[in-house]
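Participant: This is protein.pdb (PDB, C-alpha atoms and all ligand atoms).
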MODEL        1
ATOM      1  CA  MET R   1     -52.345 -97.421 -19.220  1.00  0.00           C
ATOM      2  CA  SER R   2     -51.761 -98.285 -22.866  1.00  0.00           C
ATOM      3  CA  ILE R   3     -53.922 -97.135 -25.709  1.00  0.00           C
ATOM      4  CA  ALA R   4     -54.397 -98.693 -29.118  1.00  0.00           C
ATOM      5  CA  ILE R   5     -54.253 -96.327 -32.083  1.00  0.00           C
ATOM      6  CA  LEU R   6     -56.155 -97.485 -35.161  1.00  0.00           C
ATOM      7  CA  ALA R   7     -56.344 -95.833 -38.569  1.00  0.00           C
ATOM      8  CA  ASP R   8     -57.903 -96.536 -41.959  1.00  0.00           C
ATOM      9  CA  ILE R   9     -60.145 -99.435 -41.013  1.00  0.00           C
ATOM     10  CA  HIS R  10     -62.083 -99.013 -44.274  1.00  0.00           C
ATOM     11  CA  ALA R  11     -65.082-101.149 -43.341  1.00  0.00           C
ATOM     12  CA  ASN R  12     -62.952-104.266 -43.084  1.00  0.00           C
ATOM     13  CA  LEU R  13     -64.659-106.123 -40.243  1.00  0.00           C
ATOM     14  CA  GLU R  14     -62.354-109.154 -40.289  1.00  0.00           C
ATOM     15  CA  ALA R  15     -59.247-106.971 -39.894  1.00  0.00           C
ATOM     16  CA  LEU R  16     -60.867-104.833 -37.193  1.00  0.00           C
ATOM     17  CA  THR R  17     -62.048-107.798 -35.107  1.00  0.00           C
ATOM     18  CA  ARG R  18     -58.563-109.329 -35.381  1.00  0.00           C
ATOM     19  CA  VAL R  19     -57.075-106.098 -34.014  1.00  0.00           C
ATOM     20  CA  LEU R  20     -59.656-105.895 -31.210  1.00  0.00           C
ATOM     21  CA  GLU R  21     -58.861-109.505 -30.216  1.00  0.00           C
ATOM     22  CA  ASP R  22     -55.161-108.761 -30.199  1.00  0.00           C
ATOM     23  CA  MET R  23     -55.707-105.654 -28.046  1.00  0.00           C
ATOM     24  CA  GLU R  24     -57.780-107.730 -25.646  1.00  0.00           C
ATOM     25  CA  SER R  25     -54.984-110.290 -25.337  1.00  0.00           C
ATOM     26  CA  ARG R  26     -52.616-107.434 -24.414  1.00  0.00           C
ATOM     27  CA  GLY R  27     -55.062-105.996 -21.863  1.00  0.00           C
ATOM     28  CA  VAL R  28     -55.489-102.820 -23.944  1.00  0.00           C
ATOM     29  CA  ARG R  29     -59.027-101.439 -24.020  1.00  0.00           C
ATOM     30  CA  ARG R  30     -58.651 -97.739 -24.755  1.00  0.00           C
ATOM     31  CA  ILE R  31     -58.960 -96.835 -28.433  1.00  0.00           C
ATOM     32  CA  VAL R  32     -57.917 -93.783 -30.388  1.00  0.00           C
ATOM     33  CA  CYS R  33     -59.323 -93.939 -33.922  1.00  0.00           C
ATOM     34  CA  LEU R  34     -57.585 -91.832 -36.573  1.00  0.00           C
ATOM     35  CA  GLY R  35     -60.374 -91.919 -39.162  1.00  0.00           C
ATOM     36  CA  ASP R  36     -61.471 -93.649 -42.364  1.00  0.00           C
ATOM     37  CA  ILE R  37     -63.505 -96.241 -40.465  1.00  0.00           C
ATOM     38  CA  LEU R  38     -65.598 -96.617 -43.614  1.00  0.00           C
ATOM     39  CA  GLY R  39     -65.145 -96.444 -47.368  1.00  0.00           C
ATOM     40  CA  TYR R  40     -63.885 -99.157 -49.772  1.00  0.00           C
ATOM     41  CA  GLY R  41     -64.912-102.138 -47.621  1.00  0.00           C
ATOM     42  CA  PRO R  42     -68.074-104.194 -47.102  1.00  0.00           C
ATOM     43  CA  ASN R  43     -68.945-103.610 -43.399  1.00  0.00           C
ATOM     44  CA  PRO R  44     -69.212 -99.871 -42.630  1.00  0.00           C
ATOM     45  CA  ARG R  45     -72.051-100.202 -40.083  1.00  0.00           C
ATOM     46  CA  GLU R  46     -70.391-102.967 -38.094  1.00  0.00           C
ATOM     47  CA  CYS R  47     -67.023-101.197 -37.995  1.00  0.00           C
ATOM     48  CA  LEU R  48     -68.579 -97.898 -36.874  1.00  0.00           C
ATOM     49  CA  LYS R  49     -70.471 -99.654 -34.090  1.00  0.00           C
ATOM     50  CA  LEU R  50     -67.371-101.461 -32.842  1.00  0.00           C
ATOM     51  CA  LEU R  51     -65.612 -98.102 -32.585  1.00  0.00           C
ATOM     52  CA  PHE R  52     -68.400 -96.115 -30.845  1.00  0.00           C
ATOM     53  CA  SER R  53     -66.428 -96.488 -27.619  1.00  0.00           C
ATOM     54  CA  SER R  54     -63.269 -94.832 -28.988  1.00  0.00           C
ATOM     55  CA  GLU R  55     -61.917 -92.221 -26.583  1.00  0.00           C
ATOM     56  CA  VAL R  56     -60.815 -90.117 -29.523  1.00  0.00           C
ATOM     57  CA  ALA R  57     -62.508 -90.323 -32.928  1.00  0.00           C
ATOM     58  CA  ILE R  58     -60.785 -88.398 -35.705  1.00  0.00           C
ATOM     59  CA  LEU R  59     -62.521 -87.466 -38.962  1.00  0.00           C
ATOM     60  CA  GLY R  60     -61.085 -89.151 -42.058  1.00  0.00           C
ATOM     61  CA  ASN R  61     -61.559 -88.001 -45.640  1.00  0.00           C
ATOM     62  CA  HIS R  62     -63.976 -90.896 -46.188  1.00  0.00           C
ATOM     63  CA  GLU R  63     -66.179 -89.828 -43.277  1.00  0.00           C
ATOM     64  CA  GLU R  64     -66.026 -86.285 -44.599  1.00  0.00           C
ATOM     65  CA  ALA R  65     -67.044 -87.498 -48.059  1.00  0.00           C
ATOM     66  CA  VAL R  66     -69.973 -89.526 -46.703  1.00  0.00           C
ATOM     67  CA  MET R  67     -71.249 -86.556 -44.678  1.00  0.00           C
ATOM     68  CA  PHE R  68     -70.606 -83.784 -47.174  1.00  0.00           C
ATOM     69  CA  TYR R  69     -69.326 -84.634 -50.658  1.00  0.00           C
ATOM     70  CA  GLY R  70     -66.526 -86.515 -52.334  1.00  0.00           C
ATOM     71  CA  GLU R  71     -65.311 -83.979 -54.840  1.00  0.00           C
ATOM     72  CA  ASP R  72     -61.952 -85.685 -55.409  1.00  0.00           C
ATOM     73  CA  PHE R  73     -63.383 -89.212 -55.644  1.00  0.00           C
ATOM     74  CA  ASN R  74     -63.123 -90.880 -59.039  1.00  0.00           C
ATOM     75  CA  PRO R  75     -66.284 -92.525 -60.463  1.00  0.00           C
ATOM     76  CA  LYS R  76     -65.491 -95.986 -59.031  1.00  0.00           C
ATOM     77  CA  ALA R  77     -64.633 -94.642 -55.589  1.00  0.00           C
ATOM     78  CA  ARG R  78     -67.776 -92.523 -55.741  1.00  0.00           C
ATOM     79  CA  GLU R  79     -69.939 -95.551 -56.453  1.00  0.00           C
ATOM     80  CA  ALA R  80     -68.474 -97.316 -53.395  1.00  0.00           C
ATOM     81  CA  LEU R  81     -69.113 -94.100 -51.454  1.00  0.00           C
ATOM     82  CA  GLU R  82     -72.762 -93.984 -52.533  1.00  0.00           C
ATOM     83  CA  TRP R  83     -73.111 -97.667 -51.591  1.00  0.00           C
ATOM     84  CA  THR R  84     -71.672 -96.858 -48.131  1.00  0.00           C
ATOM     85  CA  LYS R  85     -74.174 -94.003 -47.690  1.00  0.00           C
ATOM     86  CA  ASP R  86     -77.020 -96.315 -48.646  1.00  0.00           C
ATOM     87  CA  GLN R  87     -75.813 -98.809 -46.041  1.00  0.00           C
ATOM     88  CA  LEU R  88     -75.871 -96.161 -43.308  1.00  0.00           C
ATOM     89  CA  ASN R  89     -79.421 -95.177 -44.302  1.00  0.00           C
ATOM     90  CA  SER R  90     -80.612 -98.749 -44.802  1.00  0.00           C
ATOM     91  CA  THR R  91     -84.298 -99.258 -44.007  1.00  0.00           C
ATOM     92  CA  ALA R  92     -83.471-102.853 -43.069  1.00  0.00           C
ATOM     93  CA  HIS R  93     -82.283-101.442 -39.739  1.00  0.00           C
ATOM     94  CA  GLU R  94     -84.000 -99.494 -36.972  1.00  0.00           C
ATOM     95  CA  ARG R  95     -84.045 -95.801 -37.724  1.00  0.00           C
ATOM     96  CA  THR R  96     -82.558 -95.063 -34.291  1.00  0.00           C
ATOM     97  CA  GLU R  97     -79.632 -97.328 -35.102  1.00  0.00           C
ATOM     98  CA  ASN R  98     -79.013 -95.344 -38.283  1.00  0.00           C
ATOM     99  CA  TYR R  99     -79.163 -92.114 -36.250  1.00  0.00           C
ATOM    100  CA  ASP R 100     -76.534 -93.520 -33.887  1.00  0.00           C
ATOM    101  CA  LEU R 101     -74.192 -94.116 -36.828  1.00  0.00           C
ATOM    102  CA  TRP R 102     -74.653 -90.596 -38.209  1.00  0.00           C
ATOM    103  CA  ASN R 103     -74.383 -89.050 -34.734  1.00  0.00           C
ATOM    104  CA  PHE R 104     -71.078 -90.826 -34.205  1.00  0.00           C
ATOM    105  CA  LEU R 105     -69.805 -89.457 -37.539  1.00  0.00           C
ATOM    106  CA  SER R 106     -70.853 -85.950 -36.514  1.00  0.00           C
ATOM    107  CA  THR R 107     -68.786 -86.120 -33.302  1.00  0.00           C
ATOM    108  CA  MET R 108     -65.530 -86.751 -35.170  1.00  0.00           C
ATOM    109  CA  GLN R 109     -62.867 -84.073 -34.891  1.00  0.00           C
ATOM    110  CA  GLN R 110     -60.117 -83.070 -37.318  1.00  0.00           C
ATOM    111  CA  VAL R 111     -57.373 -82.696 -34.715  1.00  0.00           C
ATOM    112  CA  VAL R 112     -57.265 -83.716 -31.049  1.00  0.00           C
ATOM    113  CA  GLU R 113     -54.432 -82.793 -28.701  1.00  0.00           C
ATOM    114  CA  ASP R 114     -53.827 -84.555 -25.398  1.00  0.00           C
ATOM    115  CA  GLY R 115     -50.940 -82.717 -23.723  1.00  0.00           C
ATOM    116  CA  ASP R 116     -48.028 -82.934 -26.148  1.00  0.00           C
ATOM    117  CA  VAL R 117     -49.607 -85.790 -28.141  1.00  0.00           C
ATOM    118  CA  MET R 118     -51.592 -84.889 -31.253  1.00  0.00           C
ATOM    119  CA  TYR R 119     -53.938 -87.058 -33.293  1.00  0.00           C
ATOM    120  CA  THR R 120     -55.111 -86.329 -36.826  1.00  0.00           C
ATOM    121  CA  HIS R 121     -55.900 -88.209 -40.044  1.00  0.00           C
ATOM    122  CA  GLY R 122     -53.611 -86.893 -42.794  1.00  0.00           C
ATOM    123  CA  SER R 123     -51.356 -84.164 -41.446  1.00  0.00           C
ATOM    124  CA  PRO R 124     -51.694 -81.360 -38.887  1.00  0.00           C
ATOM    125  CA  ARG R 125     -51.620 -78.833 -41.764  1.00  0.00           C
ATOM    126  CA  ILE R 126     -54.528 -80.184 -43.778  1.00  0.00           C
ATOM    127  CA  PRO R 127     -56.099 -82.867 -41.569  1.00  0.00           C
ATOM    128  CA  THR R 128     -58.308 -84.751 -44.021  1.00  0.00           C
ATOM    129  CA  ARG R 129     -56.329 -84.050 -47.179  1.00  0.00           C
ATOM    130  CA  GLU R 130     -52.543 -83.914 -46.908  1.00  0.00           C
ATOM    131  CA  TYR R 131     -50.555 -87.125 -47.240  1.00  0.00           C
ATOM    132  CA  VAL R 132     -47.200 -87.713 -45.588  1.00  0.00           C
ATOM    133  CA  VAL R 133     -45.208 -90.503 -47.251  1.00  0.00           C
ATOM    134  CA  PRO R 134     -41.588 -91.645 -46.863  1.00  0.00           C
ATOM    135  CA  ALA R 135     -40.450 -89.670 -49.958  1.00  0.00           C
ATOM    136  CA  ASP R 136     -41.531 -86.464 -48.169  1.00  0.00           C
ATOM    137  CA  SER R 137     -38.495 -86.799 -45.912  1.00  0.00           C
ATOM    138  CA  ARG R 138     -36.559 -85.153 -48.743  1.00  0.00           C
ATOM    139  CA  ASN R 139     -39.036 -82.259 -48.800  1.00  0.00           C
ATOM    140  CA  HIS R 140     -37.608 -80.374 -45.834  1.00  0.00           C
ATOM    141  CA  GLU R 141     -39.900 -77.395 -46.284  1.00  0.00           C
ATOM    142  CA  LYS R 142     -43.028 -79.570 -46.116  1.00  0.00           C
ATOM    143  CA  MET R 143     -41.811 -81.560 -43.131  1.00  0.00           C
ATOM    144  CA  ALA R 144     -40.617 -78.448 -41.252  1.00  0.00           C
ATOM    145  CA  GLY R 145     -44.039 -76.859 -41.800  1.00  0.00           C
ATOM    146  CA  ILE R 146     -45.724 -79.941 -40.391  1.00  0.00           C
ATOM    147  CA  PHE R 147     -43.398 -80.283 -37.406  1.00  0.00           C
ATOM    148  CA  GLU R 148     -43.966 -76.620 -36.548  1.00  0.00           C
ATOM    149  CA  LEU R 149     -47.553 -77.561 -35.628  1.00  0.00           C
ATOM    150  CA  ILE R 150     -46.557 -80.544 -33.458  1.00  0.00           C
ATOM    151  CA  LYS R 151     -45.658 -80.082 -29.796  1.00  0.00           C
ATOM    152  CA  ARG R 152     -43.803 -83.404 -29.464  1.00  0.00           C
ATOM    153  CA  VAL R 153     -45.670 -86.421 -30.866  1.00  0.00           C
ATOM    154  CA  CYS R 154     -48.251 -86.734 -33.624  1.00  0.00           C
ATOM    155  CA  PHE R 155     -50.049 -89.891 -34.773  1.00  0.00           C
ATOM    156  CA  ILE R 156     -51.492 -89.996 -38.288  1.00  0.00           C
ATOM    157  CA  GLY R 157     -52.988 -92.362 -40.869  1.00  0.00           C
ATOM    158  CA  HIS R 158     -54.238 -91.609 -44.422  1.00  0.00           C
ATOM    159  CA  SER R 159     -51.304 -92.939 -46.518  1.00  0.00           C
ATOM    160  CA  HIS R 160     -51.833 -96.515 -45.211  1.00  0.00           C
ATOM    161  CA  ILE R 161     -48.045 -96.839 -44.880  1.00  0.00           C
ATOM    162  CA  PRO R 162     -46.751 -97.428 -41.335  1.00  0.00           C
ATOM    163  CA  HIS R 163     -43.731 -95.195 -40.862  1.00  0.00           C
ATOM    164  CA  VAL R 164     -41.898 -92.911 -38.449  1.00  0.00           C
ATOM    165  CA  TYR R 165     -40.627 -89.415 -39.240  1.00  0.00           C
ATOM    166  CA  THR R 166     -38.557 -87.191 -36.930  1.00  0.00           C
ATOM    167  CA  SER R 167     -37.963 -83.435 -36.968  1.00  0.00           C
ATOM    168  CA  ASP R 168     -34.267 -83.923 -37.811  1.00  0.00           C
ATOM    169  CA  MET R 169     -35.538 -85.097 -41.222  1.00  0.00           C
ATOM    170  CA  LYS R 170     -34.824 -88.746 -40.596  1.00  0.00           C
ATOM    171  CA  HIS R 171     -37.380 -91.471 -41.184  1.00  0.00           C
ATOM    172  CA  ALA R 172     -37.682 -95.226 -40.766  1.00  0.00           C
ATOM    173  CA  SER R 173     -40.030 -98.128 -41.308  1.00  0.00           C
ATOM    174  CA  PRO R 174     -41.300-100.021 -38.249  1.00  0.00           C
ATOM    175  CA  ASP R 175     -39.191-103.023 -39.325  1.00  0.00           C
ATOM    176  CA  ALA R 176     -36.023-100.938 -39.375  1.00  0.00           C
ATOM    177  CA  LEU R 177     -36.847 -99.899 -35.805  1.00  0.00           C
ATOM    178  CA  GLY R 178     -37.419-103.461 -34.643  1.00  0.00           C
ATOM    179  CA  GLY R 179     -41.176-102.856 -34.427  1.00  0.00           C
ATOM    180  CA  ALA R 180     -41.036-100.326 -31.592  1.00  0.00           C
ATOM    181  CA  ILE R 181     -39.702 -96.889 -30.716  1.00  0.00           C
ATOM    182  CA  ASP R 182     -38.996 -95.453 -27.257  1.00  0.00           C
ATOM    183  CA  LEU R 183     -39.944 -91.766 -27.301  1.00  0.00           C
ATOM    184  CA  ARG R 184     -37.695 -91.081 -24.290  1.00  0.00           C
ATOM    185  CA  LYS R 185     -34.721 -91.488 -26.619  1.00  0.00           C
ATOM    186  CA  LEU R 186     -35.809 -88.648 -28.901  1.00  0.00           C
ATOM    187  CA  GLY R 187     -34.272 -85.836 -26.869  1.00  0.00           C
ATOM    188  CA  ASP R 188     -35.765 -82.596 -28.143  1.00  0.00           C
ATOM    189  CA  ARG R 189     -36.683 -84.026 -31.529  1.00  0.00           C
ATOM    190  CA  LYS R 190     -40.353 -84.223 -32.487  1.00  0.00           C
ATOM    191  CA  ILE R 191     -41.918 -87.297 -34.050  1.00  0.00           C
ATOM    192  CA  LEU R 192     -44.676 -88.060 -36.551  1.00  0.00           C
ATOM    193  CA  ILE R 193     -45.930 -91.644 -36.524  1.00  0.00           C
ATOM    194  CA  ASN R 194     -48.116 -93.274 -39.145  1.00  0.00           C
ATOM    195  CA  THR R 195     -49.766 -96.302 -37.552  1.00  0.00           C
ATOM    196  CA  GLY R 196     -50.440 -98.036 -40.884  1.00  0.00           C
ATOM    197  CA  SER R 197     -53.870 -99.208 -41.952  1.00  0.00           C
ATOM    198  CA  VAL R 198     -56.075-101.710 -40.136  1.00  0.00           C
ATOM    199  CA  GLY R 199     -58.201-102.565 -43.148  1.00  0.00           C
ATOM    200  CA  GLN R 200     -56.287-101.711 -46.303  1.00  0.00           C
ATOM    201  CA  PRO R 201     -52.482-101.843 -45.882  1.00  0.00           C
ATOM    202  CA  ARG R 202     -50.505-100.407 -48.816  1.00  0.00           C
ATOM    203  CA  ASP R 203     -46.895-101.112 -47.892  1.00  0.00           C
ATOM    204  CA  GLY R 204     -46.778-104.463 -49.680  1.00  0.00           C
ATOM    205  CA  ASP R 205     -47.665-106.390 -46.525  1.00  0.00           C
ATOM    206  CA  PRO R 206     -51.325-107.479 -46.470  1.00  0.00           C
ATOM    207  CA  ARG R 207     -51.398-107.986 -42.697  1.00  0.00           C
ATOM    208  CA  THR R 208     -53.468-105.590 -40.605  1.00  0.00           C
ATOM    209  CA  SER R 209     -51.484-102.805 -38.898  1.00  0.00           C
ATOM    210  CA  TYR R 210     -51.970-100.807 -35.695  1.00  0.00           C
ATOM    211  CA  VAL R 211     -49.944 -99.506 -32.756  1.00  0.00           C
ATOM    212  CA  THR R 212     -50.115 -99.548 -28.981  1.00  0.00           C
ATOM    213  CA  PHE R 213     -48.697 -96.653 -26.937  1.00  0.00           C
ATOM    214  CA  ASP R 214     -48.008 -96.578 -23.208  1.00  0.00           C
ATOM    215  CA  GLY R 215     -46.904 -92.942 -23.067  1.00  0.00           C
ATOM    216  CA  ASN R 216     -43.260 -93.842 -23.753  1.00  0.00           C
ATOM    217  CA  ILE R 217     -43.041 -96.757 -26.153  1.00  0.00           C
ATOM    218  CA  VAL R 218     -44.901 -97.057 -29.451  1.00  0.00           C
ATOM    219  CA  ARG R 219     -45.227-100.657 -30.623  1.00  0.00           C
ATOM    220  CA  PHE R 220     -46.242-101.575 -34.162  1.00  0.00           C
ATOM    221  CA  HIS R 221     -48.316-104.721 -34.573  1.00  0.00           C
ATOM    222  CA  ARG R 222     -48.863-106.658 -37.812  1.00  0.00           C
ATOM    223  CA  LEU R 223     -51.336-109.519 -37.799  1.00  0.00           C
ATOM    224  CA  GLU R 224     -52.708-111.932 -40.311  1.00  0.00           C
ATOM    225  CA  TYR R 225     -56.483-111.983 -40.513  1.00  0.00           C
ATOM    226  CA  ASP R 226     -59.177-113.701 -42.554  1.00  0.00           C
ATOM    227  CA  VAL R 227     -58.611-111.548 -45.643  1.00  0.00           C
ATOM    228  CA  GLN R 228     -60.340-114.047 -47.943  1.00  0.00           C
ATOM    229  CA  THR R 229     -63.662-113.498 -46.197  1.00  0.00           C
ATOM    230  CA  THR R 230     -63.382-109.731 -46.736  1.00  0.00           C
ATOM    231  CA  VAL R 231     -62.387-110.301 -50.372  1.00  0.00           C
ATOM    232  CA  ASP R 232     -65.365-112.606 -50.946  1.00  0.00           C
ATOM    233  CA  LYS R 233     -67.761-110.054 -49.437  1.00  0.00           C
ATOM    234  CA  ILE R 234     -66.472-107.351 -51.789  1.00  0.00           C
ATOM    235  CA  TYR R 235     -66.755-109.668 -54.824  1.00  0.00           C
ATOM    236  CA  ALA R 236     -70.354-110.399 -53.774  1.00  0.00           C
ATOM    237  CA  GLU R 237     -71.277-106.694 -53.722  1.00  0.00           C
ATOM    238  CA  PRO R 238     -71.570-105.420 -57.316  1.00  0.00           C
ATOM    239  CA  ARG R 239     -71.355-101.765 -56.253  1.00  0.00           C
ATOM    240  CA  ILE R 240     -67.915-102.174 -54.671  1.00  0.00           C
ATOM    241  CA  PRO R 241     -65.231-102.488 -57.393  1.00  0.00           C
ATOM    242  CA  ASN R 242     -63.366-105.818 -57.387  1.00  0.00           C
ATOM    243  CA  PHE R 243     -59.948-104.157 -57.377  1.00  0.00           C
ATOM    244  CA  LEU R 244     -60.670-103.037 -53.822  1.00  0.00           C
ATOM    245  CA  ALA R 245     -60.715-106.742 -52.926  1.00  0.00           C
ATOM    246  CA  ASP R 246     -57.699-107.700 -55.049  1.00  0.00           C
ATOM    247  CA  ARG R 247     -55.480-105.086 -53.416  1.00  0.00           C
ATOM    248  CA  LEU R 248     -56.195-106.492 -49.952  1.00  0.00           C
ATOM    249  CA  LEU R 249     -54.535-109.761 -50.948  1.00  0.00           C
ATOM    250  CA  VAL R 250     -51.246-108.047 -51.811  1.00  0.00           C
ATOM    251  CA  GLY R 251     -51.316-105.046 -49.472  1.00  0.00           C
ATOM    252  CA  ARG R 252     -51.095-102.476 -52.272  1.00  0.00           C
TER     253      ARG R 252
HETATM  254 FE    FE R 301     -57.764 -94.174 -45.802  1.00  0.00          FE
ENDMDL
END
Rewrite the coordinates I just gave you, this time as structure tokens.
Ligand SMILES: [Fe+2]
Facilitator:
Amino acid sequence: MSIAILADIHANLEALTRVLEDMESRGVRRIVCLGDILGYGPNPRECLKLLFSSEVAILGNHEEAVMFYGEDFNPKAREALEWTKDQLNSTAHERTENYDLWNFLSTMQQVVEDGDVMYTHGSPRIPTREYVVPADSRNHEKMAGIFELIKRVCFIGHSHIPHVYTSDMKHASPDALGGAIDLRKLGDRKILINTGSVGQPRDGDPRTSYVTFDGNIVRFHRLEYDVQTTVDKIYAEPRIPNFLADRLLVGR
């Protein structure tokens, strides 16, 4: 049975509901969430609730920052972070509902392994911190260190750039792969797959990004969604910086 793997939702309800609809149309109901459900966007509560049923819920750096601290957040990102915290503690909602949100956050894990498939947010080395980006393919030492920790397949988010990396130091965009990759063709190579970002794509394509996985084939999906509604919500909230809306329109 296929699973959907979602990363970096960033409180973007319109993008998340678009992905959930698309999953539904494909008959996919199982969700693995790779973290950063909240942060940046205007609907943290709603996005958390929609993902309560995730089979795997990985801790992102934004969840970590909301629960503990955001030491490496700049002042603008910190203000959005404080706004997010206030939303989760909002007295406009039942206290038990707020507890449910915080309880869900507290169940999130840094790394989950299911047989030879691993799930984490940033990288297996430093789960909520380390980025892997296409330029890292030239950094053989870094990539070898990461692949050492992977049994066969690892799904990540964090950079918001959908991409595929293999242990023979090759890499490719989903487009270059025709939107899908058959893991049976890897031989004894290992693979690291960034699913892209549901709610804040940064590869120059503003469409929402996620993957489905049936155990053999990983399919990348890009979908248009009602980005203007998300943008308008951010503009309407003075504590979320406007540039977080502007970037959604261009996928940067
Ligand atoms: Fe993120």
Participant: How would you report the residues lying within 10 Å of ligand FE 301 (chain R), as a list in words, if you count all atoms listed in the file?
Facilitator: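 Selection of residues at most 10 Å from ligand FE 301 (chain R): Ala7, Asp8, Ile9, His10, Leu34, Gly35, Asp36, Ile37, Leu38, Gly39, Tyr40, Gly60, Asn61, His62, Glu63, His121, Gly122, Thr128, Gly157, His158, Ser159, His160, Gly196, Ser197, Val198, Gly199, Gln200 and Pro201 of chain R.
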Participant: So which residues touch segment 222-233 of chain R within 8 Å, counting all atoms listed in the file, skipping near sequence neighbours fewer than 6 positions away, as a PyMOL selection string?
Facilitator: chain R and resi 12-15+18-19+41-42+206-210+245-246+248-249
Participant: Taking the file above as input, evaluate the PyMOL selection byres (((chain R and resi 170) around 12) and not hetatm) and report the hits as a PDB file with C-alpha atoms, keeping the file's coordinate frame.
Facilitator:
ATOM      1  CA  PRO R 134     -41.588 -91.645 -46.863  1.00  0.00           C
ATOM      2  CA  ALA R 135     -40.450 -89.670 -49.958  1.00  0.00           C
ATOM      3  CA  ASP R 136     -41.531 -86.464 -48.169  1.00  0.00           C
ATOM      4  CA  SER R 137     -38.495 -86.799 -45.912  1.00  0.00           C
ATOM      5  CA  ARG R 138     -36.559 -85.153 -48.743  1.00  0.00           C
ATOM      6  CA  ASN R 139     -39.036 -82.259 -48.800  1.00  0.00           C
ATOM      7  CA  HIS R 140     -37.608 -80.374 -45.834  1.00  0.00           C
ATOM      8  CA  MET R 143     -41.811 -81.560 -43.131  1.00  0.00           C
ATOM      9  CA  ALA R 144     -40.617 -78.448 -41.252  1.00  0.00           C
ATOM     10  CA  HIS R 163     -43.731 -95.195 -40.862  1.00  0.00           C
ATOM     11  CA  VAL R 164     -41.898 -92.911 -38.449  1.00  0.00           C
ATOM     12  CA  TYR R 165     -40.627 -89.415 -39.240  1.00  0.00           C
ATOM     13  CA  THR R 166     -38.557 -87.191 -36.930  1.00  0.00           C
ATOM     14  CA  SER R 167     -37.963 -83.435 -36.968  1.00  0.00           C
ATOM     15  CA  ASP R 168     -34.267 -83.923 -37.811  1.00  0.00           C
ATOM     16  CA  MET R 169     -35.538 -85.097 -41.222  1.00  0.00           C
ATOM     17  CA  HIS R 171     -37.380 -91.471 -41.184  1.00  0.00           C
ATOM     18  CA  ALA R 172     -37.682 -95.226 -40.766  1.00  0.00           C
ATOM     19  CA  SER R 173     -40.030 -98.128 -41.308  1.00  0.00           C
ATOM     20  CA  LEU R 186     -35.809 -88.648 -28.901  1.00  0.00           C
ATOM     21  CA  ARG R 189     -36.683 -84.026 -31.529  1.00  0.00           C
ATOM     22  CA  LYS R 190     -40.353 -84.223 -32.487  1.00  0.00           C
ATOM     23  CA  ILE R 191     -41.918 -87.297 -34.050  1.00  0.00           C
ATOM     24  CA  LEU R 192     -44.676 -88.060 -36.551  1.00  0.00           C
TER      25      LEU R 192
END
Participant: Enter the distance from atom CA of Thr120 of chain R to atom CA of Glu141 of chain R, in Å, rounded to one decimal.
Facilitator: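 Atom CA of Glu141 of chain R lies at a distance of 20.0 Å from atom CA of Thr120 of chain R.
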Participant: Give me, please, the distance in Å between atom CA of Asn74 of chain R and atom CA of Cys47 of chain R, quoted to one decimal.
Facilitator: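 Interatomic distance here is 23.8 Å.
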Participant: Go ahead and compute the interatomic distance for atom CA of Pro162 of chain R and atom CA of Arg219 of chain R, in Å to one decimal.
Facilitator: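 Between atom CA of Pro162 of chain R and atom CA of Arg219 of chain R the gap is 11.3 Å.
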Participant: Could you spell out the hits of the PyMOL selection byres (((chain R and resi 52) around 10) and not hetatm) on the shown file, as a ChimeraX atom specification?
Facilitator: /R:31,33,47-51,53-57,100-101,104-105
Participant: Using all atoms listed in the file, find the one residue out of R:Glu46, R:Glu71, R:Glu237, R:Asp214 that sits nearest to Met1 of chain R.
Facilitator: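 Using all atoms listed in the file, Met1 of chain R sits closest to R:Asp214.
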Participant: Could you tell me which residues the PyMOL selection byres (((chain R and resi 26) around 12) and not hetatm) grabs in this file, written as a VMD selection string?
Facilitator: chain R and resid 1 to 4 19 to 25 27 to 30 211 to 214 219 221
Participant: Out of R:Ile240, R:Ile126, R:Leu81, R:Met118, which residue has the shortest atom-to-atom distance to Phe155 of chain R when counting all atoms listed in the file?
Facilitator: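 For Phe155 of chain R, the nearest of the given residues is R:Met118.
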Participant: Residues within 12 Å of (-68.2, -92.7, -55.7), file coordinates, counting only C-alpha atoms: what are they? Give the list as a list in words.
Facilitator: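 The requested residues, written out, are Gly39, Tyr40, His62, Ala65, Val66, Tyr69, Gly70, Glu71, Asp72, Phe73, Asn74, Pro75, Lys76, Ala77, Arg78, Glu79, Ala80, Leu81, Glu82, Trp83, Thr84, Lys85, Asp86, Arg239, Ile240 and Pro241 of chain R.
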Participant: Around segment 147-164 of chain R, fit a box with edges along x, y and z, padding it by 8 Å on each side, then list its centre and edge lengths in Å to one decimal as lines of an AutoDock Vina configuration file.
Facilitator:
center_x = -48.1
center_y = -87.0
center_z = -38.0
size_x = 28.3
size_y = 36.8
size_z = 33.1
Participant: May I ask which of the residues R:Ser123, R:Thr96, R:Asn242, R:Thr17 is the closest one to Ile193 of chain R, counting all atoms listed in the file?
Facilitator: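 Looking at the shortest contact to Ile193 of chain R, the residue is R:Ser123.
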Participant: From the options R:Ile156, R:Met67, R:Met108, R:Ala180, which residue's atoms come nearest to Glu130 of chain R, counting only C-alpha atoms?
Facilitator: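 Residue with the minimum atom-to-atom distance to Glu130 of chain R: R:Ile156.
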Participant: Keeping C-alpha atoms (and nothing else), can you write segment 51-60 of chain R of this structure as a short mmCIF file (atom, residue, chain, number, x, y, z; two decimals), in the first residue's frame?
Facilitator:
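Written output follows (part_13.cif):
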data_model
loop_
_atom_site.label_atom_id
_atom_site.label_comp_id
_atom_site.auth_asym_id
_atom_site.auth_seq_id
_atom_site.Cartn_x
_atom_site.Cartn_y
_atom_site.Cartn_z
CA LEU R 51 -1.63 15.61 10.42
CA PHE R 52 -2.50 14.05 13.82
CA SER R 53 -3.16 10.80 11.97
CA SER R 54 0.34 10.59 10.45
CA GLU R 55 1.84 7.13 10.89
CA VAL R 56 5.26 8.69 11.31
CA ALA R 57 5.73 12.25 12.60
CA ILE R 58 9.28 13.57 12.41
CA LEU R 59 10.48 16.58 14.41
CA GLY R 60 11.45 19.59 12.30
#
